[in-house]
Amino acid sequence: MTQITAARKLIWVQTKMSLREPLGLFFTLLFAPLLLLMIGAIFGNDPVPEFGGQRHLDMRTPTYAAIVIGVVGLIGIPVETVGRREMGALRRFRATPLRPLTYIAADVFVNFIMVMLGILLLFLVARLVFQVQFSGNIILLLAGICLSTLAFLALGYLLASLIPTVSAATVVGNVLIIPMLFLSGITVPLELMPEAVQNIARFSPLTCVATLLRGLWFDEPVSAYLFEIAILGGVLIGATLLAAWRFRWE
């Protein structure tokens, strides 16, 4: 069996495993669209002075995509990977002719596609239910989503390489994601926070995702977001190298 054939079968198996996890499936595909529906039902999509007159959900929708990315990267991947390690599944994979890189590539691919589906569903709900307007370049927005997703997937595998148990992975993931959500402008607009908090929040990877995607959503120049791109690029490279060095199969 070639590695390509093995990768195809592994992708199919891991996709079915992902679809059988109700909690993970909910937070990947449904949580952000449901949150959008709830916020839209409460506040509508009227212009907001704090957003420079932009409509409420037009500003919120791209930042909600960051929720999908953050939850999968900081909670989904660590819990899933550590769980497989605890059950001995990773050790059995390593004992097969399947190369470690093939397994990791297949796992990254499945999680990447799941994130893309979650974000696509979010955008469809925003457009069909609330007529949210997109004024950016779809190619640039897609590139921003891909960079953000890969950076957080790398963070997820880094956490999985360091955390010993599923319970610890759940705790660490929540300890990381909750402050990031509050400091990213997703829950409370950054513009309403004290300047000192804004300066600290700028360095959070999830803040960089939300800021970058919102800017690209409104067709702002990429050059205005070089800081966020640099942070996410650094996270992607650094976390990938550290995860490759520290990854444990058992």
# chains A, B, ... in the order shown; residues from 1 in each chain; ligands from 1
$ residues_around --residues "range 186-194 of chain A" --least-positions-apart "6" --cutoff "9 Å" --atoms "only C-alpha atoms" --output "list in words"
Glu50, Phe51, Arg60, Thr63, Tyr64, Ala66, Ile67, Ala201, Thr207 and Ala210 of chain A
$ write_last_selection --atoms "C-alpha atoms" --output "mmCIF file, in the first residue's frame"
data_model
loop_
_atom_site.group_PDB
_atom_site.id
_atom_site.type_symbol
_atom_site.label_atom_id
_atom_site.label_comp_id
_atom_site.auth_asym_id
_atom_site.auth_seq_id
_atom_site.Cartn_x
_atom_site.Cartn_y
_atom_site.Cartn_z
ATOM 1 C CA GLU A 50 -19.004 52.418 18.029
ATOM 2 C CA PHE A 51 -18.250 50.584 14.770
ATOM 3 C CA ARG A 60 -19.332 40.543 13.955
ATOM 4 C CA THR A 63 -14.725 37.766 13.990
ATOM 5 C CA TYR A 64 -17.020 34.834 14.775
ATOM 6 C CA ALA A 66 -12.127 33.185 14.756
ATOM 7 C CA ILE A 67 -14.196 31.255 17.319
ATOM 8 C CA ALA A 201 -4.615 42.152 23.489
ATOM 9 C CA THR A 207 -6.994 38.874 18.446
ATOM 10 C CA ALA A 210 -10.249 38.465 14.458
#
$ closest_atom_pairs --of "range 11-124 of chain A" --to "range 143-161 of chain A" --cutoff "8 Å" --atoms "only C-alpha atoms" --output "CSV"
residue,atom,partner,partner_atom,distance
A:Ile69,CA,A:Thr149,CA,5.6
A:Gly70,CA,A:Phe152,CA,6.5
A:Val72,CA,A:Leu153,CA,7.5
A:Gly73,CA,A:Gly156,CA,4.6
A:Leu74,CA,A:Gly156,CA,5.2
A:Ile75,CA,A:Gly156,CA,7.3
A:Gly76,CA,A:Gly156,CA,7.8
A:Ile77,CA,A:Gly156,CA,5.4
A:Pro78,CA,A:Ala160,CA,4.4
A:Val79,CA,A:Ala160,CA,7.4
A:Thr81,CA,A:Ala160,CA,6.1
A:Val82,CA,A:Ala160,CA,5.8
A:Val108,CA,A:Leu153,CA,7.2
A:Asn111,CA,A:Leu153,CA,7.9
A:Phe112,CA,A:Thr149,CA,6.9
A:Val115,CA,A:Thr149,CA,7.5
$ residues_around --residues "range 20-34 of chain A" --least-positions-apart "6" --cutoff "6 Å" --atoms "only C-alpha atoms" --output "list in words"
Val68, Gly118 and Leu122 of chain A
$ write_last_selection --atoms "N, CA and C atoms" --output "short mmCIF file (atom, residue, chain, number, x, y, z; two decimals), in the first residue's frame"
data_model
loop_
_atom_site.label_atom_id
_atom_site.label_comp_id
_atom_site.auth_asym_id
_atom_site.auth_seq_id
_atom_site.Cartn_x
_atom_site.Cartn_y
_atom_site.Cartn_z
N VAL A 68 -14.43 29.55 15.62
CA VAL A 68 -14.27 28.21 15.06
C VAL A 68 -12.80 27.81 15.04
N GLY A 118 -17.11 24.77 8.98
CA GLY A 118 -17.73 25.56 10.04
C GLY A 118 -17.82 27.03 9.67
N LEU A 122 -21.17 29.37 8.82
CA LEU A 122 -21.35 30.66 9.48
C LEU A 122 -21.65 31.75 8.47
#
$ select_by_dssp --residues "range 8-177 of chain A" --states "helix (DSSP H, G or I)" --output "ChimeraX atom specification"
/A:8-19,22-43,49-51,56-87,89-95,100-130,138-162,166-177
$ closest_residue --among "A:Gln198, A:Asp107, A:Asn45, A:Leu183" --to "Gln133 in chain A" --atoms "only C-alpha atoms"
A:Asn45
$ residues_around --residues "Leu141 in chain A" --least-positions-apart "4" --cutoff "7 Å" --atoms "only C-alpha atoms" --output "PDB file with C-alpha atoms, in the first residue's frame"
ATOM      1  CA  ASN A 137     -11.536  40.292  -1.891  1.00  0.00           C
ATOM      2  CA  ILE A 145      -8.508  32.212   6.962  1.00  0.00           C
ATOM      3  CA  LEU A 213     -10.337  38.718   9.079  1.00  0.00           C
ATOM      4  CA  LEU A 216     -10.020  41.695   4.922  1.00  0.00           C
ATOM      5  CA  TRP A 217     -13.814  41.391   5.120  1.00  0.00           C
TER       6      TRP A 217
END
$ closest_residue --among "A:Ile113, A:Ala126, A:Ile200, A:Met87" --to "Met38 in chain A" --atoms "only C-alpha atoms"
A:Ala126
$ residues_around --residues "Glu250 in chain A" --least-positions-apart "2" --cutoff "8 Å" --atoms "only C-alpha atoms" --output "ChimeraX atom specification"
/A:85-86,88,90-91,248
$ write_last_selection --atoms "N, CA and C atoms" --output "PDB file, in the first residue's frame"
ATOM      1  N   ARG A  85      -3.766   9.020  22.097  1.00  0.00           N
ATOM      2  CA  ARG A  85      -2.524   8.552  22.713  1.00  0.00           C
ATOM      3  C   ARG A  85      -2.826   7.724  23.954  1.00  0.00           C
ATOM      4  N   GLU A  86      -3.777   8.193  24.769  1.00  0.00           N
ATOM      5  CA  GLU A  86      -4.130   7.458  25.987  1.00  0.00           C
ATOM      6  C   GLU A  86      -4.703   6.080  25.668  1.00  0.00           C
ATOM      7  N   GLY A  88      -3.903   4.277  23.169  1.00  0.00           N
ATOM      8  CA  GLY A  88      -2.905   3.471  22.484  1.00  0.00           C
ATOM      9  C   GLY A  88      -3.040   3.473  20.982  1.00  0.00           C
ATOM     10  N   LEU A  90      -2.326   5.862  18.813  1.00  0.00           N
ATOM     11  CA  LEU A  90      -1.156   6.417  18.140  1.00  0.00           C
ATOM     12  C   LEU A  90      -0.007   5.412  18.120  1.00  0.00           C
ATOM     13  N   ARG A  91       0.136   4.662  19.199  1.00  0.00           N
ATOM     14  CA  ARG A  91       1.195   3.657  19.229  1.00  0.00           C
ATOM     15  C   ARG A  91       0.964   2.597  18.167  1.00  0.00           C
ATOM     16  N   ARG A 248       4.783  13.122  20.851  1.00  0.00           N
ATOM     17  CA  ARG A 248       4.963  11.786  21.392  1.00  0.00           C
ATOM     18  C   ARG A 248       3.839  10.870  20.900  1.00  0.00           C
TER      19      ARG A 248
END
$ atom_distance --atom1 "CA of Glu80 in chain A" --atom2 "CA of Leu232 in chain A"
23.1 Å
$ closest_residue --among "A:Val197, A:Val172, A:Ile119, A:Asp219" --to "Ile139 in chain A" --atoms "only C-alpha atoms"
A:Asp219
$ atom_distance --atom1 "CA of Phe182 in chain A" --atom2 "CA of Phe203 in chain A"
13.4 Å
$ closest_residue --among "A:Ser204, A:Pro62, A:Leu121, A:Ile138" --to "Ile177 in chain A" --atoms "only C-alpha atoms"
A:Ser204
$ residues_around --residues "Leu57 in chain A" --least-positions-apart "2" --cutoff "10 Å" --atoms "only C-alpha atoms" --output "ChimeraX atom specification"
/A:36-37,39-40,43-48,54-55,59-64,126-127,130-133
$ closest_residue --among "A:Leu162, A:Val175, A:Met180, A:Ala65" --to "Leu242 in chain A" --atoms "only C-alpha atoms"
A:Leu162
$ atom_distance --atom1 "CA of Ile104 in chain A" --atom2 "CA of Leu120 in chain A"
24.2 Å
